[in-house]
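Asker: Before I ask anything, here is the structure I am working with.
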There are 4 protein chains.
Amino acid sequence: MSGVVGIYSKERSNVSQILYYGLYAIQHRGQISTGIAVNNYGFIDYHKDLGLVNEVFSKDIIERLRGNIGIGHIRYAYAGEAQNLANTQPFVVGYKKGALAVAHDGSIVNFKKLRREMEDNGAIFQTEIDTEVIASLIAKFHKEDVEDAIIKALETIKGSYGMVVMTNDRLVGARDPYGIKPLAIGKLGDDFIIASESCAFDTIGAEFVRDVEPGEVVVMDANGLRTVSKRPLKRNLSLFELIYFARPDSRIDGKSVYISRLEAGKELAKMHPVDADVVIGAPDSGTVAAIGYAAGSGIPYAEGLIKNRYVGRTFIQPTQELREQGVRIKLNPLKENIQGKRVILVDDSIVRGTTMKQTVNMIRSAGAKEIHIRIASPPVLYPCYFGMDTPSKENLIAANMSKEEIRQMLEVESLEYITLEGLLKAVGGDDGYYTGCFTGEYPVMPEE
Amino acid sequence: MSGVVGIYSKERSNVSQILYYGLYAIQHRGQISTGIAVNNYGFIDYHKDLGLVNEVFSKDIIERLRGNIGIGHIRYAYAGEAQNLANTQPFVVGYKKGALAVAHDGSIVNFKKLRREMEDNGAIFQTEIDTEVIASLIAKFHKEDVEDAIIKALETIKGSYGMVVMTNDRLVGARDPYGIKPLAIGKLGDDFIIASESCAFDTIGAEFVRDVEPGEVVVMDANGLRTVSKRPLKRNLSLFELIYFARPDSRIDGKSVYISRLEAGKELAKMHPVDADVVIGAPDSGTVAAIGYAAGSGIPYAEGLIKNRYVGRTFIQPTQELREQGVRIKLNPLKENIQGKRVILVDDSIVRGTTMKQTVNMIRSAGAKEIHIRIASPPVLYPCYFGMDTPSKENLIAANMSKEEIRQMLEVESLEYITLEGLLKAVGGDDGYYTGCFTGEYPVMPEE
Amino acid sequence: MSGVVGIYSKERSNVSQILYYGLYAIQHRGQISTGIAVNNYGFIDYHKDLGLVNEVFSKDIIERLRGNIGIGHIRYAYAGEAQNLANTQPFVVGYKKGALAVAHDGSIVNFKKLRREMEDNGAIFQTEIDTEVIASLIAKFHKEDVEDAIIKALETIKGSYGMVVMTNDRLVGARDPYGIKPLAIGKLGDDFIIASESCAFDTIGAEFVRDVEPGEVVVMDANGLRTVSKRPLKRNLSLFELIYFARPDSRIDGKSVYISRLEAGKELAKMHPVDADVVIGAPDSGTVAAIGYAAGSGIPYAEGLIKNRYVGRTFIQPTQELREQGVRIKLNPLKENIQGKRVILVDDSIVRGTTMKQTVNMIRSAGAKEIHIRIASPPVLYPCYFGMDTPSKENLIAANMSKEEIRQMLEVESLEYITLEGLLKAVGGDDGYYTGCFTGEYPVMPEE
Amino acid sequence: MSGVVGIYSKERSNVSQILYYGLYAIQHRGQISTGIAVNNYGFIDYHKDLGLVNEVFSKDIIERLRGNIGIGHIRYAYAGEAQNLANTQPFVVGYKKGALAVAHDGSIVNFKKLRREMEDNGAIFQTEIDTEVIASLIAKFHKEDVEDAIIKALETIKGSYGMVVMTNDRLVGARDPYGIKPLAIGKLGDDFIIASESCAFDTIGAEFVRDVEPGEVVVMDANGLRTVSKRPLKRNLSLFELIYFARPDSRIDGKSVYISRLEAGKELAKMHPVDADVVIGAPDSGTVAAIGYAAGSGIPYAEGLIKNRYVGRTFIQPTQELREQGVRIKLNPLKENIQGKRVILVDDSIVRGTTMKQTVNMIRSAGAKEIHIRIASPPVLYPCYFGMDTPSKENLIAANMSKEEIRQMLEVESLEYITLEGLLKAVGGDDGYYTGCFTGEYPVMPEE
């Protein structure tokens, strides 16, 4: 998971500050690195570094990055990729036709094969990221117009993507043919914005126009917005965005993220009721589903774990000794809502089980009489190659233990999951969603 | 408002890391500066700087700060005091008896007068803070034992304080005779901890023992904990801590902060009901009272304004132009819960009215049909000299406009405050609380 | 001008600290950026950034960079190349055969042509530097053994270079076929070192073994040192190193840099004597030649301009107003050696004339009765494509004004240059030196 | 040893940039910390920190520090004083009469006694430096006019000092009654400058006016410059400045530092001639005396040890292993001037003997046939309480070993010192110099 933003402006000469706020809005999609590229005075200038948006960009840098076209990226920590400067995006290169910048969110599952083929032809690679392969493919088709080169490159790659590409005179957006990754179009006055999530439009004061369709390639330039390619394949819309990743105030493919989670909570309450005193959410992933469960069950919602709002990304880790003495920095159980109570704990998922175990221990230590876990998604049984960064199968707890075994390991009174049917009902029906990690069914298989 | 932490340990040689986590827990009490002092190898070593706890202290610094006794401080931005290094605490000095470190939360209202008297006698002052006067007073009484010197100094000063003082062999804690400022005692194994709020004990794995009593001075040393002075005056317990400052998971003078706010919300619902679709809290100050209002009224609680969790203290401010175009970085209304709805907006207070106006505008722009404001404290009519940093009377909106005028200015359908009686009922009855900014009644008057 | 260092060690697991000191020793060759790459655990790890050696590398980074093979680079500010991170070296890539790191000092004059050809074939380029083309050429020949691939790549490029290349199991050094750029081999116990200048060996305690010969390619691996290619062309040894660039304590192609400059000063005294009281050198470039001139003429050498040893790379520039009032930060004339005296001012060259004008003004303002300039190299009449970064012809003062015109512009009593013959005599005879900027004769012409 | 600069300007509103360049010029007097204080808008604003002038001050800070009066300080690392922020200067306080800033170079030898007396009266001290006592004394006399208060304070303290004091409307300069510490007055247009060394005037484009006389107190304000007190005691002029500390381009008490050292070298040549091939100076302390020795003896001067000009204050220290392998970062012997030669090595002093031993080893390892050490000051037999920071007697090599023993320890062919008479002759005769560390005679004794 990562996030992208792009802008094409007719009038503005400094779009980078708008990109900055747009990236801020989607910071939850990745905290490892960020970057902005703009068409500064005829070449593409950029700045990127490891860190959060407000750490990487200073006022001086934003003022330096001038231009009317720009793209931005924030990056998640993918397992198995070095967290170094080389692997940051946007990826900016020179090629036959001039300069090109590419940023994308997603997984190109045949990129290693493509890279090997290029290496056979003598190519060098300076990064580990699939974006370099995408840029190389576009350059390979340089005899075509850049739009056609991008379309041809996209026909070559397989996987999920929400992508922005810029040259000196235009901005291109592309969404994978399955619709696994989200991408939306907004408008700020006469300017076009493109972003992974619609909350970016709200943040910068733009209006949501529409989602980019699965398999669609759009171009924004002096002539406005136009679709240059449509190549939809079997719909596998971004279900994981709705239930895990996206900000509650985003809308994706016509669905409200908040309402999806709220309804999943309500559905869960209907499906797996339990007599209890209080409903609490695992912070922050389970909050909305917990409010939904409370509404669906009539059991009061309460804050159960107070989060220290000032804990930064960098702080001194407690020593093992201090940890054993009970030092806990980020969360503190609110005894008033837990002690002597029968607690329903709602979360969006259980992946490895380790975080849930810690949360349960904390609630138990605060004196809960009973703990009932309710999960607003089905068990994660398979790795997810496209939507999110999951561990391999041996680390997925639900792939290795039965529900009852997990319940015993967690030492809770009950554990229940929503069913896939229930979840699809909560999001308004089955429009063709990507559900690989629940079902093991994928639109396309990874190639090594 | 500031915060203090202190520790006396029999066994540990490095208490600074524990102080570090304790300060983390009370970071909400001030974000301007922080510092830690320890009795390192016979002298008092310290480190303090402007910034948050995780910014000011590195692993290297914490490892350098060795000792079995230590105190820490975090500081709020007081109006009228320079935010520079000189004004940071703990305040560390040498005097006749050796080294001394002082940190305090509160306002000494006769400190300017005391300082003038000392200057008449030829004293120099290196800071603008009242802490320097406190340390000078202790030094003045150096012929007494240090405990007696502290007691004499405290008899000389007037105002509110939660204070920690350390020498090379003991830790002293003192709370003002009115109990305006909170201070509590905890225990971590055999070690004594003292802190402004009990949530610090939870964070470091310590147990809450009891509150320091109004006017009490306690000493912790090789002989354990003992009370060396009791001088209670008219009770004016820290009401503002319960309704504004403290973390919801703290307990102060036997009251749960969370429950106090929740009950205030319920009481408010009883006192000022209104027909509406949804209850939302102003983030984050109104959240708990909103949950209480929802519980008291039966109207569903919902998240109305989504906060960007990644907005750091430092980010690039939008230009005026971008602000006018609607850039909003920190908060985004969740349309699903607002559009076309009758909204009850709950907050803990209205001071100047500017923040509330912005919040109302945001909710209105998201399509609210009606907006009803409910405030979980009475109107702030007077400045607060002891409890919190309020503006002067001309900037207090309730001191200058009637409730109806404020309602019209805010352009909302209704505006209601809880009464002081209702609030005192919510916190469990009138135990003698400091209510100066509602009533204009103060336990002691400031001296210029 | 830049500088390179490389090491192959049989025993050490952390060669980066040795590279660090080696780069320190040749820091005078460039102050823009620096980097180190090592064969860390099977892949090539590296760190590079803008700044001086002691700014870019911390203890933590040096400890992270583990391996028994490594290369390092420091970079000069070339006109027309962006001083950004992308253009730093070593240049590290993956290709068909694995990982490759390249660092070089020199100018590849057909690199733009080669780059265009590669772009025609669909290649992308992420930097502006010729090193990227070199690496791409090596990758292109990946079917050959890496040594042969390097040799083939070197046959394709034209220009000057002292180069180090490393893979996971060997270190390769190469010097251009003309010998324009220096490169030398040293030994530290059983380990081989390669460096632009021999002073790097002294600094790290290694012994000088020999210069790499013009056109020679050497390989250092588990089998020791061996020459894998010899392709000398017309000798154009690095004269500019002897008279301008190299540190006085380096030896290049059998010549002592110090002695070369000292003898040039002596020869200049013989060729252009003048009756005067004192000989001073322009700091620091003219110091050694001034000592030589003094020895050759019998006129006493003295320090005429005292340099502030603490002026760092970054300091606040004086405003125009302060500059006009006479603020001068770096140099101060020593009146005792100048006032009322006839001064001979010796420097290594005059390029644009602006620095010399400032120096003359400073000496005149200190009360010199006469100023006689003596230059230890011939007039710079042509741009230098290979040896050093010179401005274009219109900015070379000697290409646009006669000696008498320059003298009048500088307002000095006399101005004389050593002849090329005199200079070659000073360095011990004409062994075939590159003298392009004096004569306009180049071993190979740049291709656009 | 430290350094001070002060300025009073009638017209300028930002004197801090001039102070900045002035501090730069005297950076050689101390590298531990630096600070500037100015009378910004009615109060005294300041900035000070550990580090060099160009590290501590940014453009933003210099622009913030506005005012027409200012003082600056740089600090040397005194043995026994913590190198922390508290001990930096200028020392800025509020007292009865308003604000006061003090900066001084020197040693107050009765400050501990004075501090104890003040502590007996209940005073607190926030630093370890004697400057705090000076400020406290001035505040103690606050009933007097500030000028008289300063004079009274100076009559109370004993020791050496060059001092600047500022209030909101005037600048005061004071030099100790013996003249141990230097202090000079300059003029920049209509503005008065005061500085430890005259080279500061050259750097900022000001003219030298005169030295402050021993025991003189001068005031600069809207009425110009005036002397307010003269209290000269037995002359003990700053001999150590001439031979050790000051920059060669400074003039102190009518003497040129450069000429003093040059003449000392010549006198040394006359006094202790030896047959040799080359004269080299220990960098940089012995350079000028070496040039003098060469001139006096007729033996050619040469550079023997090349210094790496880029070695910053912070760099990674070599491990013991690397040090044993011969890593040497700062200096490299120039073999051409040493190998097979009889070398005369000149330095300004031998204190502990350790540095000299390293230098000798380096020269020997470069192949010197003979090494003859000549020292341009007499043996250091006693600690120096006023002029410079020397170790205690047990660490002074000349106080514990005979000349012959030292020669054997250093393993050199000969070792000779100039006599005190010779040195006084070199500086133009005995005007009454402080020579405590050669003779054990001090103008005043330290009091504990």
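For the structure tokens, the naming scheme is as follows: chains receive sequential letters (A, B, ...) according to their order of presentation, residues are indexed from 1 within each chain, and ligands are indexed from 1 in presentation order.
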Would you pick out the contacts of region 32-49 of chain D at 8 Å or less, using only C-alpha atoms, so that residues sharing its chain but fewer than 2 positions from it are not included, and give the list as a VMD selection string?
Answerer: chain D and resid 15 to 16 19 to 20 30 51 to 53 56 61 65 to 77 83 85 88 to 90 92 99 to 101 167 to 169
Asker: Just the selected residues (C-alpha atoms), exported as an mmCIF file, in the first residue's frame, please.
Answerer:
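Below you can see part.cif, which holds the result:
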data_model
loop_
_atom_site.group_PDB
_atom_site.id
_atom_site.type_symbol
_atom_site.label_atom_id
_atom_site.label_comp_id
_atom_site.auth_asym_id
_atom_site.auth_seq_id
_atom_site.Cartn_x
_atom_site.Cartn_y
_atom_site.Cartn_z
ATOM 1 C CA VAL D 15 25.179 45.238 14.949
ATOM 2 C CA SER D 16 25.062 41.472 15.394
ATOM 3 C CA LEU D 19 29.956 41.060 15.980
ATOM 4 C CA TYR D 20 29.686 37.794 14.054
ATOM 5 C CA GLY D 30 38.463 29.374 21.780
ATOM 6 C CA GLY D 51 30.231 25.181 18.776
ATOM 7 C CA LEU D 52 32.132 27.388 16.381
ATOM 8 C CA VAL D 53 30.889 30.805 15.285
ATOM 9 C CA VAL D 56 26.131 28.467 16.273
ATOM 10 C CA ILE D 61 19.417 34.166 14.255
ATOM 11 C CA LEU D 65 19.377 39.779 17.063
ATOM 12 C CA ARG D 66 18.670 43.452 16.405
ATOM 13 C CA GLY D 67 20.031 46.443 18.285
ATOM 14 C CA ASN D 68 22.649 49.174 18.200
ATOM 15 C CA ILE D 69 24.699 47.836 21.125
ATOM 16 C CA GLY D 70 26.038 44.327 21.380
ATOM 17 C CA ILE D 71 28.700 42.095 22.844
ATOM 18 C CA GLY D 72 30.034 38.713 21.781
ATOM 19 C CA HIS D 73 32.152 35.990 23.314
ATOM 20 C CA ILE D 74 34.033 32.875 22.335
ATOM 21 C CA ARG D 75 35.142 30.375 24.905
ATOM 22 C CA TYR D 76 38.106 28.099 25.334
ATOM 23 C CA ALA D 77 37.834 24.677 26.988
ATOM 24 C CA GLN D 83 31.441 22.182 28.552
ATOM 25 C CA LEU D 85 25.262 25.413 27.772
ATOM 26 C CA THR D 88 28.460 29.850 27.904
ATOM 27 C CA GLN D 89 28.710 33.623 27.634
ATOM 28 C CA PRO D 90 27.625 36.444 27.296
ATOM 29 C CA VAL D 92 22.663 37.917 30.585
ATOM 30 C CA ALA D 99 19.124 44.134 31.979
ATOM 31 C CA LEU D 100 22.847 43.510 31.933
ATOM 32 C CA ALA D 101 25.102 41.366 29.765
ATOM 33 C CA THR D 167 23.193 47.677 29.337
ATOM 34 C CA ASN D 168 20.388 48.985 27.213
ATOM 35 C CA ASP D 169 22.112 52.272 26.563
#
Asker: Counting only C-alpha atoms, what is within 9 Å of His372 (chain C), bar same-chain residues fewer than 4 positions away, as a list in words?
Answerer: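 The residues satisfying every condition are Val274, Ala276, Arg342, Val343, Ile344, Leu345, Val346, Val412, Glu413, Ser414, Leu415 and Glu416 of chain C.
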Asker: Residues at most 12 Å from Glu263 (chain A), counting only C-alpha atoms, excluding those fewer than 3 positions away in the same chain, as number ranges by chain?
Answerer: A: 242-243, 255-260, 266-271, 288-296, 376-377, 418, 422-429
Asker: With N, CA and C atoms kept, could you save the residues just selected as a tab-separated table (two decimals), in the first residue's frame?
Answerer:
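Just written: again_21.tsv:
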chain	number	residue	atom	x	y	z
A	242	LEU	N	-11.90	-0.44	1.61
A	242	LEU	CA	-13.10	-0.11	2.38
A	242	LEU	C	-13.00	-0.59	3.83
A	243	ILE	N	-12.42	-1.78	4.02
A	243	ILE	CA	-12.45	-2.31	5.39
A	243	ILE	C	-11.16	-2.09	6.17
A	255	LYS	N	-18.72	3.98	-2.70
A	255	LYS	CA	-19.01	3.55	-1.33
A	255	LYS	C	-18.33	4.48	-0.32
A	256	SER	N	-19.05	4.77	0.74
A	256	SER	CA	-18.44	5.49	1.87
A	256	SER	C	-17.68	4.49	2.73
A	257	VAL	N	-16.43	4.80	3.00
A	257	VAL	CA	-15.62	3.93	3.83
A	257	VAL	C	-16.22	3.84	5.23
A	258	TYR	N	-16.62	4.98	5.77
A	258	TYR	CA	-17.19	5.01	7.13
A	258	TYR	C	-18.44	4.14	7.21
A	259	ILE	N	-19.33	4.36	6.24
A	259	ILE	CA	-20.59	3.60	6.26
A	259	ILE	C	-20.33	2.11	6.08
A	260	SER	N	-19.37	1.77	5.22
A	260	SER	CA	-19.05	0.36	5.02
A	260	SER	C	-18.65	-0.30	6.33
A	266	LYS	N	-22.58	-3.35	12.33
A	266	LYS	CA	-23.99	-3.66	12.60
A	266	LYS	C	-24.31	-5.10	12.19
A	267	GLU	N	-23.82	-5.47	11.02
A	267	GLU	CA	-24.05	-6.82	10.50
A	267	GLU	C	-23.46	-7.87	11.45
A	268	LEU	N	-22.26	-7.56	11.94
A	268	LEU	CA	-21.56	-8.43	12.88
A	268	LEU	C	-22.38	-8.60	14.16
A	269	ALA	N	-22.99	-7.49	14.60
A	269	ALA	CA	-23.82	-7.55	15.81
A	269	ALA	C	-25.03	-8.46	15.61
A	270	LYS	N	-25.56	-8.38	14.38
A	270	LYS	CA	-26.72	-9.20	14.07
A	270	LYS	C	-26.32	-10.67	14.00
A	271	MET	N	-25.20	-10.92	13.35
A	271	MET	CA	-24.71	-12.27	13.11
A	271	MET	C	-24.21	-12.97	14.37
A	288	VAL	N	-14.72	2.42	14.12
A	288	VAL	CA	-15.99	2.61	13.42
A	288	VAL	C	-16.85	1.35	13.49
A	289	ALA	N	-16.23	0.19	13.29
A	289	ALA	CA	-17.00	-1.05	13.38
A	289	ALA	C	-17.57	-1.23	14.79
A	290	ALA	N	-16.82	-0.76	15.80
A	290	ALA	CA	-17.32	-0.87	17.17
A	290	ALA	C	-18.54	0.02	17.38
A	291	ILE	N	-18.48	1.23	16.84
A	291	ILE	CA	-19.66	2.12	16.92
A	291	ILE	C	-20.85	1.43	16.23
A	292	GLY	N	-20.59	0.78	15.10
A	292	GLY	CA	-21.64	0.06	14.39
A	292	GLY	C	-22.18	-1.10	15.20
A	293	TYR	N	-21.26	-1.86	15.82
A	293	TYR	CA	-21.69	-3.00	16.62
A	293	TYR	C	-22.58	-2.52	17.77
A	294	ALA	N	-22.16	-1.39	18.40
A	294	ALA	CA	-22.94	-0.83	19.50
A	294	ALA	C	-24.34	-0.45	19.01
A	295	ALA	N	-24.38	0.23	17.86
A	295	ALA	CA	-25.68	0.65	17.31
A	295	ALA	C	-26.53	-0.57	16.97
A	296	GLY	N	-25.90	-1.62	16.42
A	296	GLY	CA	-26.63	-2.82	16.01
A	296	GLY	C	-27.12	-3.63	17.20
A	376	ALA	N	-14.56	-7.65	12.11
A	376	ALA	CA	-15.41	-7.14	11.03
A	376	ALA	C	-14.95	-7.56	9.63
A	377	SER	N	-14.10	-8.59	9.55
A	377	SER	CA	-13.81	-9.20	8.25
A	377	SER	C	-13.63	-10.69	8.44
A	418	ILE	N	-17.15	-11.91	11.02
A	418	ILE	CA	-18.22	-11.73	10.04
A	418	ILE	C	-17.95	-12.71	8.90
A	422	GLY	N	-21.73	-11.69	4.71
A	422	GLY	CA	-22.14	-10.60	5.58
A	422	GLY	C	-21.38	-9.32	5.24
A	423	LEU	N	-20.11	-9.47	5.01
A	423	LEU	CA	-19.29	-8.30	4.70
A	423	LEU	C	-19.73	-7.67	3.38
A	424	LEU	N	-19.96	-8.52	2.38
A	424	LEU	CA	-20.37	-7.99	1.07
A	424	LEU	C	-21.74	-7.33	1.18
A	425	LYS	N	-22.59	-7.89	2.01
A	425	LYS	CA	-23.90	-7.27	2.25
A	425	LYS	C	-23.71	-5.89	2.88
A	426	ALA	N	-22.76	-5.82	3.84
A	426	ALA	CA	-22.52	-4.54	4.53
A	426	ALA	C	-22.07	-3.46	3.57
A	427	VAL	N	-21.26	-3.83	2.57
A	427	VAL	CA	-20.78	-2.81	1.63
A	427	VAL	C	-21.76	-2.60	0.49
A	428	GLY	N	-22.94	-3.18	0.59
A	428	GLY	CA	-23.99	-2.84	-0.38
A	428	GLY	C	-24.15	-3.85	-1.48
A	429	GLY	N	-23.61	-5.04	-1.29
A	429	GLY	CA	-23.78	-6.08	-2.29
A	429	GLY	C	-22.49	-6.37	-3.02
Asker: Between chain B and chain A, at 6 Å or less, what are the per-residue closest atom pairs and their distances in Å? Count only C-alpha atoms, order by chain and rising residue number, and return it as CSV.
Answerer:
residue,atom,partner,partner_atom,distance
B:Asn54,CA,A:Phe315,CA,5.2
B:Thr203,CA,A:Arg328,CA,5.1
B:Ile204,CA,A:Val327,CA,4.2
B:Gly205,CA,A:Gly326,CA,4.2
B:Asp249,CA,A:Leu334,CA,5.3
B:Phe315,CA,A:Asn54,CA,5.2
B:Gln325,CA,A:Gly205,CA,5.9
B:Gly326,CA,A:Gly205,CA,4.2
B:Val327,CA,A:Ile204,CA,4.2
B:Arg328,CA,A:Thr203,CA,5.0
B:Ile329,CA,A:Thr203,CA,5.6
B:Leu334,CA,A:Asp249,CA,5.3
Asker: For the residues in that selection, give me N, CA and C atoms as a JSON list (two decimals), in the first residue's frame.
Answerer:
[["chain", "number", "residue", "atom", "x", "y", "z"],
["B", 54, "ASN", "N", 9.84, 13.40, 22.92],
["B", 54, "ASN", "CA", 10.59, 12.53, 22.02],
["B", 54, "ASN", "C", 11.54, 13.31, 21.12],
["B", 203, "THR", "N", 1.36, 4.43, 32.76],
["B", 203, "THR", "CA", 2.29, 4.32, 31.64],
["B", 203, "THR", "C", 3.58, 3.63, 32.04],
["B", 204, "ILE", "N", 4.07, 3.94, 33.26],
["B", 204, "ILE", "CA", 5.34, 3.33, 33.65],
["B", 204, "ILE", "C", 5.15, 2.07, 34.48],
["B", 205, "GLY", "N", 3.91, 1.62, 34.60],
["B", 205, "GLY", "CA", 3.68, 0.36, 35.29],
["B", 205, "GLY", "C", 3.67, 0.50, 36.80],
["B", 249, "ASP", "N", -7.98, 9.12, 31.21],
["B", 249, "ASP", "CA", -7.68, 7.94, 32.01],
["B", 249, "ASP", "C", -7.00, 8.28, 33.33],
["B", 315, "PHE", "N", 4.27, 22.03, 10.31],
["B", 315, "PHE", "CA", 3.98, 21.76, 8.91],
["B", 315, "PHE", "C", 3.86, 23.12, 8.22],
["B", 325, "GLN", "N", -9.32, 29.02, -0.68],
["B", 325, "GLN", "CA", -9.81, 27.98, -1.59],
["B", 325, "GLN", "C", -10.30, 26.75, -0.85],
["B", 326, "GLY", "N", -10.13, 26.77, 0.46],
["B", 326, "GLY", "CA", -10.73, 25.69, 1.23],
["B", 326, "GLY", "C", -9.77, 24.64, 1.74],
["B", 327, "VAL", "N", -8.45, 24.92, 1.67],
["B", 327, "VAL", "CA", -7.51, 23.95, 2.21],
["B", 327, "VAL", "C", -7.74, 23.80, 3.70],
["B", 328, "ARG", "N", -7.95, 22.58, 4.17],
["B", 328, "ARG", "CA", -8.05, 22.35, 5.62],
["B", 328, "ARG", "C", -7.33, 21.06, 5.94],
["B", 329, "ILE", "N", -6.33, 21.21, 6.77],
["B", 329, "ILE", "CA", -5.37, 20.13, 6.93],
["B", 329, "ILE", "C", -5.70, 19.19, 8.06],
["B", 334, "LEU", "N", -17.14, 14.46, 8.18],
["B", 334, "LEU", "CA", -17.57, 13.19, 7.61],
["B", 334, "LEU", "C", -18.99, 13.38, 7.13]]
Asker: Would you list, as a ChimeraX atom specification, the residues of region 245-391 of chain A that end up in strand (DSSP E) under DSSP run on this structure's backbone?
Answerer: /A:251-252,255-256,278-281,305-307,331-333,342-347,370-375
Asker: Dump C-alpha atoms for the selected residues as a compact mmCIF listing (two decimals), in the first residue's frame?
Answerer:
# COMPACT_ATOMS: atom_id res chain seq x y z
CA ARG A 251 -15.46 7.42 -0.81
CA ILE A 252 -14.26 4.69 -3.15
CA LYS A 255 -19.01 3.55 -1.33
CA SER A 256 -18.44 5.49 1.87
CA VAL A 278 -19.83 -2.35 26.77
CA VAL A 279 -18.50 -2.28 23.18
CA ILE A 280 -14.99 -0.98 22.59
CA GLY A 281 -12.91 -0.73 19.45
CA LEU A 305 -8.10 2.17 25.43
CA ILE A 306 -6.76 5.73 25.58
CA LYS A 307 -4.06 6.51 23.06
CA LEU A 331 -2.15 2.78 25.01
CA ASN A 332 -3.67 2.80 28.47
CA PRO A 333 -6.87 0.94 29.37
CA ARG A 342 -18.27 -7.84 30.08
CA VAL A 343 -16.42 -6.28 27.16
CA ILE A 344 -17.00 -6.72 23.42
CA LEU A 345 -13.77 -5.86 21.62
CA VAL A 346 -14.19 -5.10 17.90
CA ASP A 347 -11.39 -4.95 15.35
CA GLU A 370 -15.45 -11.26 30.09
CA ILE A 371 -13.89 -10.43 26.71
CA HIS A 372 -15.71 -11.19 23.47
CA ILE A 373 -13.84 -10.51 20.27
CA ARG A 374 -15.75 -9.63 17.12
CA ILE A 375 -13.91 -9.21 13.84
